[in-house]
Amino acid sequence: MADWYDTVEHDVLVIGAGGAGLRAAIAAAESGCSVGLVCKSLLGKAHTVMAEGGIAAALGNVDPKDDWRVHFADTMRGGQMISDYRMVEFFAKEAPERVYELERWGGLFDRTPDGKILQRPFGAHTYRRLCHVGDRTGLEMIRTLQDKAVHSAVQVHMEITLTRLLKDAERIAGAFGYRREDGRYVLFRAKAVILATGGWGKVYKVTSNSWECTGDGCAMAYEAGAELMDMEMVQFHPTGMVWPPGVRGILVTEAVRGEGGILRNANGERFMERYDQKKMELSSRDVVARSIYKEVQAGRGSPHGGAFLDISQRGAEFIKKKLPSMYEQFLKLADIDITKSPMEVAPTIHYVMGGVRVEAGAGASTVPGLYAAGEVAAGLHGANRLGGNSLSDLLVFGKRTGEHAAAYAKGLVATPRVDDRQAGEERALLQRPFEGGGKENPFAIHEALQEVMGTYAGIARTGDQLARGLEKILELQKRSGDLHAPGSMLFNPGWHACRDVRFMLTLCEAIFRSAFERKESRGAHWRLDFPDPDSTWAARNLIVRRSDGGMQVSVRPVPQVPAELAQLVQPRA
Amino acid sequence: MADATFQVFRGDAKRGDLVTYKVPITEGMVVLDGIHYIQGHLDGTLACRWNCKAAKCGSCSAEVNGRPRLMCKTRVDEFGDLPITVRPIKVFPVIKDLVTDVSWNYKVNREIPPFTPSPDDPGPWKMYPEDVERLFEFRKCIECFLCQDVCHVLREHEGQSRYMGPRFMVRIAALEMHPKDTRSRTDLLKGAGGIGFCNVTKCCEEVCPEHIHITDNAIIPLKERMADDFFDPWRALLRLFGSKKEPRGT
C-alpha cells in the first residue's frame, strides 16, 4: 500500500450517518460484521436531525382502523403508481415494528392518555399515523440511533468526505476520499459498501437542505456504473419560510397543517377549496405546492411571493406545546409570533424521490457489493413522497440493507483487491484545483448551477425550458474543469466545494435529461406542455446510466402490482 | 446597502488573529449568513461548521462578541453599528478558524452506560404523558456544546479529566429518569462523572439555546440521587446487597 494515504479496513462500509446509515450500520454490526460508518459532519448532525413532523407507521393507536394495507394504498397513490410495490409492501408492513424498536432503544414519543405512542394527521395519510415528539422527531430518532450505534461494534469516522467508489473488476472494493480536518487522504477497503448519503437539494437555491446534501453518493454510484432511477422527481415542500431573505427555504413543518394550520392567499381566501375540496390543507405535497404556485401566478400571492399559513386559532398554549421549534424559529428569525400572526410560506426544495436503483427489500444496486438506503435510493416514493414516510423509510430499509450487505460480505472469502491506480486517479482530480491556472470559483459555479435549476427545472417545466437548462449545465460542466482553490488542504471549504460542485453538475444533468424525457405531468413532475398524467407513463420508470462516457436515459417497466395488492389501491368512493 | 464589519478569528492551534471583513447587510440576516458571504465572495478558505441553519443541529457554535451563541440564531441587526467579533468556542482546542476539536465529548458519551430496559419487558410499552414529558426537556439537547464552553470546571480549571460537563449531566438525567431504564449511574456521577465539581453557578443554563434548565432540572436532582445512594446509610446497605435502581420521584 502506498504511504500517501491511510488505509482502513472493514467488512461493511456505510457512507452517511443519518437515519438510514445509522440503522444500516447497527444491523450490519448485529450480523457480526466489522462496520465502519463515515460521515462528512460530526456524528448526530446529519440532515435527518431536521425532520420535524413524525414517523409514518400504521400502529393504529389513535385510529384503530389503520393497518399496513391502508398505509400501502396511501403510499402507492402518493407515488402515483410508479413506485416499486414490493418496496412499498415491505415498508408498510415493517414500519410499526421499527418504531417500537426505536422506543426499546430509548426513543421517546408523545403519548396518548392511555399510554400509547400518539399519532398525528399528515397530508394524504388516510388516518392519524405520524408518531412524533413535538416538532423535533428527527432529533429524537437520530439521537436514539446514535447512542445505539456507539454502544455497538460500529466504528465511526467523522468529518471524512468520500469521493470515489473503488472496484475490483465489476464488484465493489471500497471507497476513497479525504479527511476534512487536514486533507489527508483515506482509503477504505470493504467487502460491501452501503450508500446512505441522502439527497441533493443543494442543487437548488431555495432549499431546506444542509450543505451536506450534494448528492455525493448518488453521483459516485453513477460513476461506478450503477443505474439511477426517476431523477426527474424532485419534491417541493409546500411550506418553506420566505421572509426575511436570510431564512428563505428554512422548513415550516407539515405538522403545522397537520395540527390545523390554514392556508390563505392575499385576499384572505382559503384557496385549497379550489384545488382539493376534500383534503384541503392536508392534500399531498405536490398538490399543495402547485396550488400555492398557481395562486402566486394568478396575482393572489403574499407580499413576498408565497401564501399565508395560520395556526393562531389553536391558541398559544397548544402551539407552544405541539410546535415549539416553529414558534421559536419565527419569533427569533422573522420577528413573528405565530400564536398571533400567520406565517408567510412558499414551496421550497425538500426531497428527491429519484436515486440509485435498488433491489426491493435488499437495497442492492446493479453493482455487486454496492447497496443504497434512504433518500439516495429510488423506488419507494415514486412521483411524490408523503410526509412522514421518509423517517420510516430510513428505519425499514436501513435495517434491511444493513442485513443484506452483511450477508453478502460474509459470503465473500477474501476482501476484494484494491489497486492504487484508482486512488491515484482520484487524488489527481482532487489536487487539480490547487495546481495549474484554474480560475473558476467553486462557490460561483454552485450559485450558477442553482440559478439554472431554479429557472429551468423548477416547479413548472416545459420541454423547451428543459432543453435550454441542460445546455447551460453542460457549459458549467466544462467550466468546472477549470476550478481553483487557494490555501492549503487544512479544513478548506473552498477546496471541498470543488468536488461537491462536480457531483452536483452530474446530478443536474440527470435531472434535466430525465425530466425532458417524461412527457407527462405526474406527482412532483409538472410539465406545462403535457399538463395531464399519461396512463402509458404510469407503467414506466426512467433509468439513467453511464455508457461510453456519456449519460444515457432509458425506460424500464414499473413492476406489475399483483391483483390482491392492486385492489387495495382502487379509488375509494 | 450598508455593510457590517465582521472581525473573524483566522488561524490554527499555533497562531491566529482577528481579520476584518466588510459584509453587505440583508434584512433578517444572521451571523452565519455573514460567514457564508465571506466564504463565497471574500475568502473560500474560512473554516466553520454548520448544517441546518435553523437551530436544530447545534453545529455552528461560536463566541460572538464574547458570548457563546449559535451563529444561525444570532441576528446581525442586534449589534447596530458595532463590529461583530466571531471567535471559536474557547473550551476546546482550535483546529482552524472557527472549527474546534470537540472529539472529547464523543469519548465521554461512550463512557455513559446506555439505556437499559428489562429484557423481560419487550413492549409495546405503556408510558403515560406525565411519565415522559419531563424527559422531553433533556431530549431537546442539540449538542451544540455551548454549555460545555461556559462551564467553569471545564473552561477555567481544565477539568476535562474530572467532570463530564453539563451536556452529559443532561444526558445522564434523561437516562436515569427514563421510566423503563433499569440501570443506576450514580456511581458514575460520583466517580468519573465528577458531578461534585459542579458548584451550581447556572452559567450553562444561561447559554442553552434550547432553554433547558440544566442545573435546576438535571444537575441538582442528580446530585440528590448521588447523595442518597452514597451517603444515606439505608441506601448504602441496599447497594451492598446489589439491589437494582429503585423507582423514585425525581
# chains A, B, ... in the order shown; residues from 1 in each chain; ligands from 1

call {"tool": "select_by_dssp", "arguments": {"residues": "stretch 121-158 of chain A", "states": "strand (DSSP E)", "output": "MDAnalysis selection string"}}
result
chainID A and resid 130:131 154:157

call {"tool": "residues_around", "arguments": {"residues": "stretch 37-40 of chain B", "least_positions_apart": "2", "cutoff": "8 Å", "atoms": "only C-alpha atoms", "output": "short mmCIF file (atom, residue, chain, number, x, y, z; two decimals) with N, CA, C and O atoms, in the first residue's frame"}}
result
data_model
loop_
_atom_site.label_atom_id
_atom_site.label_comp_id
_atom_site.auth_asym_id
_atom_site.auth_seq_id
_atom_site.Cartn_x
_atom_site.Cartn_y
_atom_site.Cartn_z
N PHE A 443 -17.71 28.36 -5.50
CA PHE A 443 -18.95 28.92 -4.94
C PHE A 443 -19.74 29.63 -6.04
O PHE A 443 -20.97 29.59 -6.07
N ALA A 444 -19.03 30.28 -6.96
CA ALA A 444 -19.71 30.97 -8.06
C ALA A 444 -20.37 29.95 -8.99
O ALA A 444 -21.49 30.15 -9.46
N PRO A 493 -12.98 24.91 3.05
CA PRO A 493 -14.30 24.78 2.41
C PRO A 493 -14.27 25.04 0.91
O PRO A 493 -15.02 24.41 0.16
N GLY A 494 -13.46 25.96 0.46
CA GLY A 494 -13.39 26.26 -0.96
C GLY A 494 -12.92 25.05 -1.75
O GLY A 494 -13.45 24.70 -2.81
N TYR B 21 -13.58 41.93 7.84
CA TYR B 21 -14.26 41.83 6.54
C TYR B 21 -15.46 42.76 6.54
O TYR B 21 -16.11 42.95 7.57
N VAL B 23 -19.19 43.09 5.11
CA VAL B 23 -20.23 42.20 4.58
C VAL B 23 -21.51 42.99 4.37
O VAL B 23 -21.98 43.66 5.30
N ASP B 33 -24.94 33.87 8.03
CA ASP B 33 -25.02 34.40 6.66
C ASP B 33 -23.77 35.21 6.34
O ASP B 33 -23.26 35.14 5.21
N GLY B 34 -23.31 35.99 7.31
CA GLY B 34 -22.11 36.79 7.10
C GLY B 34 -20.90 35.91 6.85
O GLY B 34 -20.08 36.17 5.95
N ILE B 35 -20.78 34.83 7.62
CA ILE B 35 -19.66 33.90 7.44
C ILE B 35 -19.74 33.26 6.05
O ILE B 35 -18.74 33.13 5.34
N LEU B 42 -15.26 36.44 -0.42
CA LEU B 42 -14.03 37.12 0.01
C LEU B 42 -12.89 36.15 0.29
O LEU B 42 -11.74 36.42 -0.06
N ASP B 43 -13.18 35.01 0.91
CA ASP B 43 -12.12 34.07 1.21
C ASP B 43 -12.68 32.67 1.44
O ASP B 43 -13.21 32.36 2.52
N GLY B 44 -12.57 31.83 0.42
CA GLY B 44 -13.12 30.47 0.47
C GLY B 44 -12.43 29.55 1.45
O GLY B 44 -12.88 28.43 1.68
N THR B 45 -11.32 29.99 2.04
CA THR B 45 -10.61 29.10 2.97
C THR B 45 -11.09 29.25 4.41
O THR B 45 -10.63 28.53 5.29
N LEU B 46 -12.02 30.17 4.66
CA LEU B 46 -12.52 30.36 6.03
C LEU B 46 -13.31 29.12 6.49
O LEU B 46 -14.31 28.76 5.88
#

call {"tool": "closest_atom_pairs", "arguments": {"of": "chain B", "to": "chain A", "cutoff": "6 Å", "atoms": "only C-alpha atoms", "output": "tab-separated table"}}
result
residue	atom	partner	partner_atom	distance
B:Glu27	CA	A:Pro244	CA	5.8
B:Gly28	CA	A:Pro244	CA	5.1
B:Met29	CA	A:Gly246	CA	4.9
B:Gly40	CA	A:Phe443	CA	5.4
B:Gly44	CA	A:Gly494	CA	4.5
B:Thr45	CA	A:Asn492	CA	4.8
B:Asn51	CA	A:Ser210	CA	5.0
B:Cys52	CA	A:Ser210	CA	5.2
B:Cys57	CA	A:Lys45	CA	5.3
B:Phe115	CA	A:Gly106	CA	5.9
B:Lys126	CA	A:Gly115	CA	4.6
B:Met127	CA	A:Gly115	CA	4.6
B:Tyr128	CA	A:Gly115	CA	4.2
B:Pro129	CA	A:Arg111	CA	5.3

call {"tool": "write_last_selection", "arguments": {"atoms": "all heavy atoms", "output": "tab-separated table (two decimals), in the first residue's frame"}}
result
chain	number	residue	atom	x	y	z
B	27	GLU	N	-31.85	42.05	5.03
B	27	GLU	CA	-32.84	42.05	6.10
B	27	GLU	C	-32.94	40.67	6.76
B	27	GLU	O	-32.97	39.63	6.09
B	27	GLU	CB	-34.22	42.45	5.53
B	27	GLU	CG	-35.21	42.74	6.63
B	27	GLU	CD	-36.49	43.35	6.10
B	27	GLU	OE1	-36.50	43.84	4.96
B	27	GLU	OE2	-37.48	43.34	6.85
B	28	GLY	N	-32.97	40.69	8.07
B	28	GLY	CA	-33.13	39.43	8.82
B	28	GLY	C	-31.87	38.58	8.86
B	28	GLY	O	-31.90	37.44	9.32
B	29	MET	N	-30.75	39.14	8.39
B	29	MET	CA	-29.51	38.38	8.29
B	29	MET	C	-29.01	37.89	9.65
B	29	MET	O	-29.11	38.59	10.65
B	29	MET	CB	-28.48	39.33	7.69
B	29	MET	CG	-27.12	38.79	7.50
B	29	MET	SD	-26.19	40.14	6.71
B	29	MET	CE	-24.61	39.38	6.66
B	40	GLY	N	-17.99	32.67	0.33
B	40	GLY	CA	-18.35	32.66	-1.08
B	40	GLY	C	-17.72	33.78	-1.89
B	40	GLY	O	-17.47	33.62	-3.08
B	44	GLY	N	-12.57	31.83	0.42
B	44	GLY	CA	-13.12	30.47	0.47
B	44	GLY	C	-12.43	29.55	1.45
B	44	GLY	O	-12.88	28.43	1.68
B	45	THR	N	-11.32	29.99	2.04
B	45	THR	CA	-10.61	29.10	2.97
B	45	THR	C	-11.09	29.25	4.41
B	45	THR	O	-10.63	28.53	5.29
B	45	THR	CB	-9.08	29.35	2.95
B	45	THR	OG1	-8.83	30.67	3.48
B	45	THR	CG2	-8.52	29.26	1.54
B	51	ASN	N	-24.80	23.06	9.71
B	51	ASN	CA	-25.61	22.10	8.96
B	51	ASN	C	-26.99	22.63	8.63
B	51	ASN	O	-27.33	22.80	7.48
B	51	ASN	CB	-25.74	20.78	9.71
B	51	ASN	CG	-24.46	19.97	9.66
B	51	ASN	OD1	-23.48	20.34	10.28
B	51	ASN	ND2	-24.45	18.90	8.90
B	52	CYS	N	-27.80	22.91	9.67
B	52	CYS	CA	-29.22	23.10	9.39
B	52	CYS	C	-29.60	24.56	9.20
B	52	CYS	O	-30.55	24.87	8.52
B	52	CYS	CB	-30.06	22.49	10.50
B	52	CYS	SG	-30.07	23.47	12.01
B	57	CYS	N	-29.38	21.66	14.76
B	57	CYS	CA	-28.29	20.67	14.72
B	57	CYS	C	-27.18	21.01	15.70
B	57	CYS	O	-26.40	20.14	16.07
B	57	CYS	CB	-27.74	20.54	13.31
B	57	CYS	SG	-26.68	21.91	12.80
B	115	PHE	N	-28.98	3.25	27.62
B	115	PHE	CA	-30.33	2.91	28.04
B	115	PHE	C	-30.45	1.39	28.18
B	115	PHE	O	-30.07	0.65	27.28
B	115	PHE	CB	-31.31	3.44	27.00
B	115	PHE	CG	-32.74	3.06	27.24
B	115	PHE	CD1	-33.41	3.49	28.38
B	115	PHE	CD2	-33.44	2.28	26.32
B	115	PHE	CE1	-34.73	3.15	28.60
B	115	PHE	CE2	-34.77	1.94	26.53
B	115	PHE	CZ	-35.40	2.37	27.68
B	126	LYS	N	-46.50	0.75	27.76
B	126	LYS	CA	-47.41	1.82	28.18
B	126	LYS	C	-46.59	2.81	28.98
B	126	LYS	O	-45.98	2.46	29.99
B	126	LYS	CB	-48.51	1.25	29.07
B	126	LYS	CG	-49.54	0.49	28.27
B	126	LYS	CD	-50.94	0.82	28.74
B	126	LYS	CE	-51.91	0.13	27.79
B	126	LYS	NZ	-53.09	0.86	27.54
B	127	MET	N	-46.54	4.03	28.50
B	127	MET	CA	-45.93	5.10	29.29
B	127	MET	C	-46.87	6.28	29.16
B	127	MET	O	-47.27	6.63	28.05
B	127	MET	CB	-44.55	5.46	28.74
B	127	MET	CG	-43.49	4.40	28.99
B	127	MET	SD	-41.81	4.98	28.58
B	127	MET	CE	-41.81	4.79	26.82
B	128	TYR	N	-47.22	6.87	30.27
B	128	TYR	CA	-48.23	7.93	30.25
B	128	TYR	C	-47.56	9.28	30.00
B	128	TYR	O	-46.37	9.45	30.29
B	128	TYR	CB	-49.04	7.90	31.55
B	128	TYR	CG	-49.81	6.60	31.61
B	128	TYR	CD1	-49.28	5.48	32.25
B	128	TYR	CD2	-51.02	6.48	30.94
B	128	TYR	CE1	-49.95	4.28	32.25
B	128	TYR	CE2	-51.71	5.27	30.94
B	128	TYR	CZ	-51.16	4.16	31.59
B	128	TYR	OH	-51.82	2.97	31.55
B	129	PRO	N	-48.34	10.25	29.47
B	129	PRO	CA	-47.74	11.56	29.18
B	129	PRO	C	-46.92	12.10	30.35
B	129	PRO	O	-45.81	12.60	30.16
B	129	PRO	CB	-48.96	12.44	28.88
B	129	PRO	CG	-49.99	11.49	28.35
B	129	PRO	CD	-49.77	10.19	29.08

call {"tool": "residues_around", "arguments": {"residues": "B:Thr201", "least_positions_apart": "2", "cutoff": "10 Å", "atoms": "only C-alpha atoms", "output": "CSV table (one decimal) with all heavy atoms, in the first residue's frame"}}
result
chain,number,residue,atom,x,y,z
B,151,CYS,N,-18.9,26.2,31.1
B,151,CYS,CA,-18.8,25.5,32.4
B,151,CYS,C,-17.4,25.9,33.0
B,151,CYS,O,-16.4,25.6,32.5
B,151,CYS,CB,-18.9,24.0,32.2
B,151,CYS,SG,-18.6,23.1,33.7
B,152,HIS,N,-17.5,26.5,34.3
B,152,HIS,CA,-16.2,26.9,34.9
B,152,HIS,C,-15.2,25.7,35.1
B,152,HIS,O,-14.0,25.9,34.9
B,152,HIS,CB,-16.5,27.4,36.3
B,152,HIS,CG,-17.3,28.7,36.3
B,152,HIS,ND1,-17.0,29.7,35.5
B,152,HIS,CD2,-18.5,29.0,36.9
B,152,HIS,CE1,-17.9,30.7,35.7
B,152,HIS,NE2,-18.8,30.2,36.6
B,198,CYS,N,-19.4,20.4,40.1
B,198,CYS,CA,-20.3,21.5,39.7
B,198,CYS,C,-20.7,22.3,40.9
B,198,CYS,O,-21.3,21.7,41.9
B,198,CYS,CB,-21.6,20.9,39.0
B,198,CYS,SG,-22.9,22.1,38.8
B,199,ASN,N,-20.5,23.6,40.9
B,199,ASN,CA,-20.9,24.4,42.0
B,199,ASN,C,-22.1,25.3,41.8
B,199,ASN,O,-22.3,26.3,42.3
B,199,ASN,CB,-19.7,25.2,42.6
B,199,ASN,CG,-19.1,26.0,41.6
B,199,ASN,OD1,-19.5,26.1,40.4
B,199,ASN,ND2,-18.0,26.7,41.9
B,203,CYS,N,-24.3,29.0,34.8
B,203,CYS,CA,-23.9,29.6,33.6
B,203,CYS,C,-24.3,28.8,32.4
B,203,CYS,O,-24.6,29.3,31.3
B,203,CYS,CB,-22.3,29.7,33.5
B,203,CYS,SG,-21.7,30.5,34.9
B,204,CYS,N,-24.3,27.4,32.5
B,204,CYS,CA,-24.7,26.6,31.4
B,204,CYS,C,-26.2,26.8,31.0
B,204,CYS,O,-26.5,26.9,29.8
B,204,CYS,CB,-24.5,25.1,31.8
B,204,CYS,SG,-25.2,24.6,33.4
B,205,GLU,N,-27.0,27.0,32.0
B,205,GLU,CA,-28.5,27.3,31.7
B,205,GLU,C,-28.6,28.6,30.9
B,205,GLU,O,-29.4,28.6,29.9
B,205,GLU,CB,-29.3,27.5,33.0
B,205,GLU,CG,-29.7,26.2,33.6
B,205,GLU,CD,-30.8,26.4,34.6
B,205,GLU,OE1,-31.4,27.4,34.7
B,205,GLU,OE2,-30.9,25.4,35.4
B,206,GLU,N,-27.8,29.6,31.2
B,206,GLU,CA,-27.9,30.9,30.5
B,206,GLU,C,-27.7,30.8,29.1
B,206,GLU,O,-28.2,31.6,28.3
B,206,GLU,CB,-27.0,31.9,31.2
B,206,GLU,CG,-27.5,32.5,32.4
B,206,GLU,CD,-26.5,33.4,33.1
B,206,GLU,OE1,-25.7,34.0,32.4
B,206,GLU,OE2,-26.5,33.4,34.4
B,215,THR,N,-29.3,23.1,35.2
B,215,THR,CA,-28.9,23.0,36.6
B,215,THR,C,-30.1,22.6,37.5
B,215,THR,O,-30.0,21.6,38.3
B,215,THR,CB,-28.3,24.3,37.2
B,215,THR,OG1,-27.5,24.9,36.2
B,215,THR,CG2,-27.6,24.2,38.4

call {"tool": "atom_distance", "arguments": {"atom1": "atom CA of B:Met226", "atom2": "atom CA of B:Gly123"}}
result
29.6 Å

call {"tool": "atom_distance", "arguments": {"atom1": "atom CA of B:Asn105", "atom2": "atom CA of A:Arg23"}}
result
22.1 Å

call {"tool": "atom_distance", "arguments": {"atom1": "atom CA of A:Arg98", "atom2": "atom CA of A:Pro562"}}
result
25.7 Å

call {"tool": "residues_around", "arguments": {"residues": "A:Val544", "least_positions_apart": "3", "cutoff": "10 Å", "atoms": "only C-alpha atoms", "output": "mmCIF file with N, CA and C atoms, in the first residue's frame"}}
result
data_model
loop_
_atom_site.group_PDB
_atom_site.id
_atom_site.type_symbol
_atom_site.label_atom_id
_atom_site.label_comp_id
_atom_site.auth_asym_id
_atom_site.auth_seq_id
_atom_site.Cartn_x
_atom_site.Cartn_y
_atom_site.Cartn_z
ATOM 1 N N TYR A 222 -23.253 6.448 -9.778
ATOM 2 C CA TYR A 222 -23.352 6.614 -11.228
ATOM 3 C C TYR A 222 -21.973 6.434 -11.864
ATOM 4 N N ALA A 226 -23.464 2.206 -11.574
ATOM 5 C CA ALA A 226 -24.803 1.815 -11.099
ATOM 6 C C ALA A 226 -25.888 2.567 -11.877
ATOM 7 N N GLU A 227 -27.083 1.996 -11.860
ATOM 8 C CA GLU A 227 -28.213 2.655 -12.519
ATOM 9 C C GLU A 227 -28.907 3.598 -11.555
ATOM 10 N N LEU A 228 -29.309 4.761 -12.081
ATOM 11 C CA LEU A 228 -30.129 5.693 -11.308
ATOM 12 C C LEU A 228 -31.548 5.648 -11.868
ATOM 13 N N MET A 229 -32.524 6.063 -11.051
ATOM 14 C CA MET A 229 -33.909 5.945 -11.496
ATOM 15 C C MET A 229 -34.743 7.166 -11.085
ATOM 16 N N ASP A 230 -35.653 7.575 -11.941
ATOM 17 C CA ASP A 230 -36.643 8.635 -11.666
ATOM 18 C C ASP A 230 -36.012 9.937 -11.166
ATOM 19 N N MET A 231 -34.930 10.324 -11.817
ATOM 20 C CA MET A 231 -34.193 11.505 -11.356
ATOM 21 C C MET A 231 -34.974 12.802 -11.552
ATOM 22 N N GLY A 355 -33.076 8.342 -7.426
ATOM 23 C CA GLY A 355 -31.791 7.982 -6.844
ATOM 24 C C GLY A 355 -31.276 6.674 -7.406
ATOM 25 N N VAL A 356 -30.474 5.989 -6.615
ATOM 26 C CA VAL A 356 -29.857 4.739 -7.067
ATOM 27 C C VAL A 356 -30.943 3.655 -7.163
ATOM 28 N N ARG A 357 -31.000 2.968 -8.296
ATOM 29 C CA ARG A 357 -31.992 1.894 -8.421
ATOM 30 C C ARG A 357 -31.517 0.683 -7.622
ATOM 31 N N ALA A 510 -28.581 14.659 -15.012
ATOM 32 C CA ALA A 510 -29.520 13.530 -14.943
ATOM 33 C C ALA A 510 -30.949 14.024 -14.752
ATOM 34 N N ILE A 511 -31.135 15.061 -13.922
ATOM 35 C CA ILE A 511 -32.476 15.609 -13.695
ATOM 36 C C ILE A 511 -33.029 16.170 -15.010
ATOM 37 N N ARG A 513 -32.112 15.529 -18.173
ATOM 38 C CA ARG A 513 -32.334 14.519 -19.219
ATOM 39 C C ARG A 513 -33.589 13.698 -18.919
ATOM 40 N N SER A 514 -33.802 13.345 -17.649
ATOM 41 C CA SER A 514 -34.975 12.542 -17.295
ATOM 42 C C SER A 514 -36.252 13.387 -17.412
ATOM 43 N N ASN A 541 -40.571 3.554 -15.390
ATOM 44 C CA ASN A 541 -39.540 4.297 -14.660
ATOM 45 C C ASN A 541 -38.493 4.735 -15.675
ATOM 46 N N SER A 547 -22.716 5.304 -20.127
ATOM 47 C CA SER A 547 -22.394 4.363 -21.179
ATOM 48 C C SER A 547 -21.456 5.071 -22.151
ATOM 49 N N MET A 551 -24.086 10.098 -20.791
ATOM 50 C CA MET A 551 -25.228 9.751 -19.951
ATOM 51 C C MET A 551 -26.388 9.281 -20.823
ATOM 52 N N GLN A 552 -26.912 8.104 -20.524
ATOM 53 C CA GLN A 552 -27.991 7.531 -21.319
ATOM 54 C C GLN A 552 -29.254 7.411 -20.476
ATOM 55 N N VAL A 553 -30.370 7.757 -21.074
ATOM 56 C CA VAL A 553 -31.649 7.594 -20.387
ATOM 57 C C VAL A 553 -32.459 6.523 -21.111
ATOM 58 N N SER A 554 -33.003 5.596 -20.363
ATOM 59 C CA SER A 554 -33.840 4.575 -20.984
ATOM 60 C C SER A 554 -35.078 4.337 -20.124
ATOM 61 N N VAL A 555 -35.996 3.572 -20.673
ATOM 62 C CA VAL A 555 -37.264 3.329 -19.994
ATOM 63 C C VAL A 555 -37.269 1.907 -19.463
#

call {"tool": "select_by_dssp", "arguments": {"residues": "stretch 429-498 of chain A", "states": "helix (DSSP H, G or I)", "output": "PyMOL selection string"}}
result
chain A and resi 429-434+442-456+463-482+493-498

call {"tool": "residues_around", "arguments": {"residues": "A:Ala255", "least_positions_apart": "4", "cutoff": "8 Å", "atoms": "only C-alpha atoms", "output": "NGL selection string"}}
result
:A and (52-53 or 121-122 or 135 or 259 or 323)

call {"tool": "write_last_selection", "arguments": {"atoms": "all heavy atoms", "output": "short mmCIF file (atom, residue, chain, number, x, y, z; two decimals), in the first residue's frame"}}
result
data_model
loop_
_atom_site.label_atom_id
_atom_site.label_comp_id
_atom_site.auth_asym_id
_atom_site.auth_seq_id
_atom_site.Cartn_x
_atom_site.Cartn_y
_atom_site.Cartn_z
N GLU A 52 -39.05 17.05 11.23
CA GLU A 52 -39.85 17.61 12.31
C GLU A 52 -41.10 16.80 12.61
O GLU A 52 -41.37 16.39 13.72
CB GLU A 52 -40.20 19.06 11.97
CG GLU A 52 -38.98 19.96 11.96
CD GLU A 52 -39.17 21.25 11.18
OE1 GLU A 52 -40.12 21.34 10.38
OE2 GLU A 52 -38.36 22.16 11.37
N GLY A 53 -41.89 16.55 11.57
CA GLY A 53 -43.27 16.13 11.75
C GLY A 53 -43.49 14.78 12.39
O GLY A 53 -44.31 14.66 13.30
N PRO A 121 -52.22 13.59 12.36
CA PRO A 121 -52.54 13.54 10.93
C PRO A 121 -51.50 14.27 10.09
O PRO A 121 -50.82 15.17 10.58
CB PRO A 121 -53.89 14.27 10.86
CG PRO A 121 -53.92 15.16 12.05
CD PRO A 121 -53.07 14.53 13.10
N PHE A 122 -51.37 13.85 8.84
CA PHE A 122 -50.45 14.49 7.90
C PHE A 122 -51.03 14.37 6.50
O PHE A 122 -51.94 13.57 6.26
CB PHE A 122 -49.09 13.75 7.95
CG PHE A 122 -47.92 14.63 8.31
CD1 PHE A 122 -47.94 15.39 9.46
CD2 PHE A 122 -46.79 14.70 7.50
CE1 PHE A 122 -46.85 16.19 9.81
CE2 PHE A 122 -45.70 15.49 7.84
CZ PHE A 122 -45.73 16.24 8.99
N ASP A 135 -42.21 18.93 17.49
CA ASP A 135 -41.76 19.06 16.11
C ASP A 135 -40.25 18.82 16.01
O ASP A 135 -39.54 19.46 15.27
CB ASP A 135 -42.15 20.43 15.53
CG ASP A 135 -41.70 21.60 16.40
OD1 ASP A 135 -40.96 21.36 17.38
OD2 ASP A 135 -42.08 22.73 16.11
N GLU A 259 -51.69 19.93 12.41
CA GLU A 259 -52.30 20.36 13.68
C GLU A 259 -53.38 21.42 13.47
O GLU A 259 -53.85 22.03 14.42
CB GLU A 259 -51.23 20.87 14.65
CG GLU A 259 -50.14 19.86 15.01
CD GLU A 259 -50.63 18.71 15.90
OE1 GLU A 259 -51.82 18.70 16.28
OE2 GLU A 259 -49.81 17.80 16.19
N LEU A 323 -45.70 22.68 18.64
CA LEU A 323 -44.81 23.20 17.60
C LEU A 323 -43.77 24.14 18.20
O LEU A 323 -43.58 25.26 17.72
CB LEU A 323 -45.64 23.93 16.53
CG LEU A 323 -46.73 23.09 15.84
CD1 LEU A 323 -47.76 23.97 15.17
CD2 LEU A 323 -46.12 22.12 14.84
#

call {"tool": "closest_residue", "arguments": {"among": "A:Gly18, A:Gly402, A:Pro96, A:Gly354", "to": "A:Gly201", "atoms": "only C-alpha atoms"}}
result
A:Gly354

call {"tool": "decode", "arguments": {"residues": "stretch 26-32 of chain B", "atoms": "N, CA, C and O atoms", "output": "compact mmCIF listing (two decimals), in the first residue's frame"}}
result
# COMPACT_ATOMS: atom_id res chain seq x y z
N THR B 26 -28.25 42.22 4.74
CA THR B 26 -29.59 42.00 4.17
C THR B 26 -30.57 41.86 5.33
O THR B 26 -30.16 41.58 6.47
N GLU B 27 -31.85 42.05 5.03
CA GLU B 27 -32.84 42.05 6.10
C GLU B 27 -32.94 40.67 6.76
O GLU B 27 -32.97 39.63 6.09
N GLY B 28 -32.97 40.69 8.07
CA GLY B 28 -33.13 39.43 8.82
C GLY B 28 -31.87 38.58 8.86
O GLY B 28 -31.90 37.44 9.32
N MET B 29 -30.75 39.14 8.39
CA MET B 29 -29.51 38.38 8.29
C MET B 29 -29.01 37.89 9.65
O MET B 29 -29.11 38.59 10.65
N VAL B 30 -28.46 36.69 9.66
CA VAL B 30 -27.83 36.16 10.88
C VAL B 30 -26.32 36.09 10.68
O VAL B 30 -25.83 36.21 9.56
N VAL B 31 -25.60 35.91 11.80
CA VAL B 31 -24.13 35.92 11.74
C VAL B 31 -23.62 34.85 10.77
O VAL B 31 -22.67 35.07 10.01
N LEU B 32 -24.29 33.69 10.75
CA LEU B 32 -23.84 32.62 9.84
C LEU B 32 -23.94 33.06 8.37
O LEU B 32 -23.09 32.68 7.55
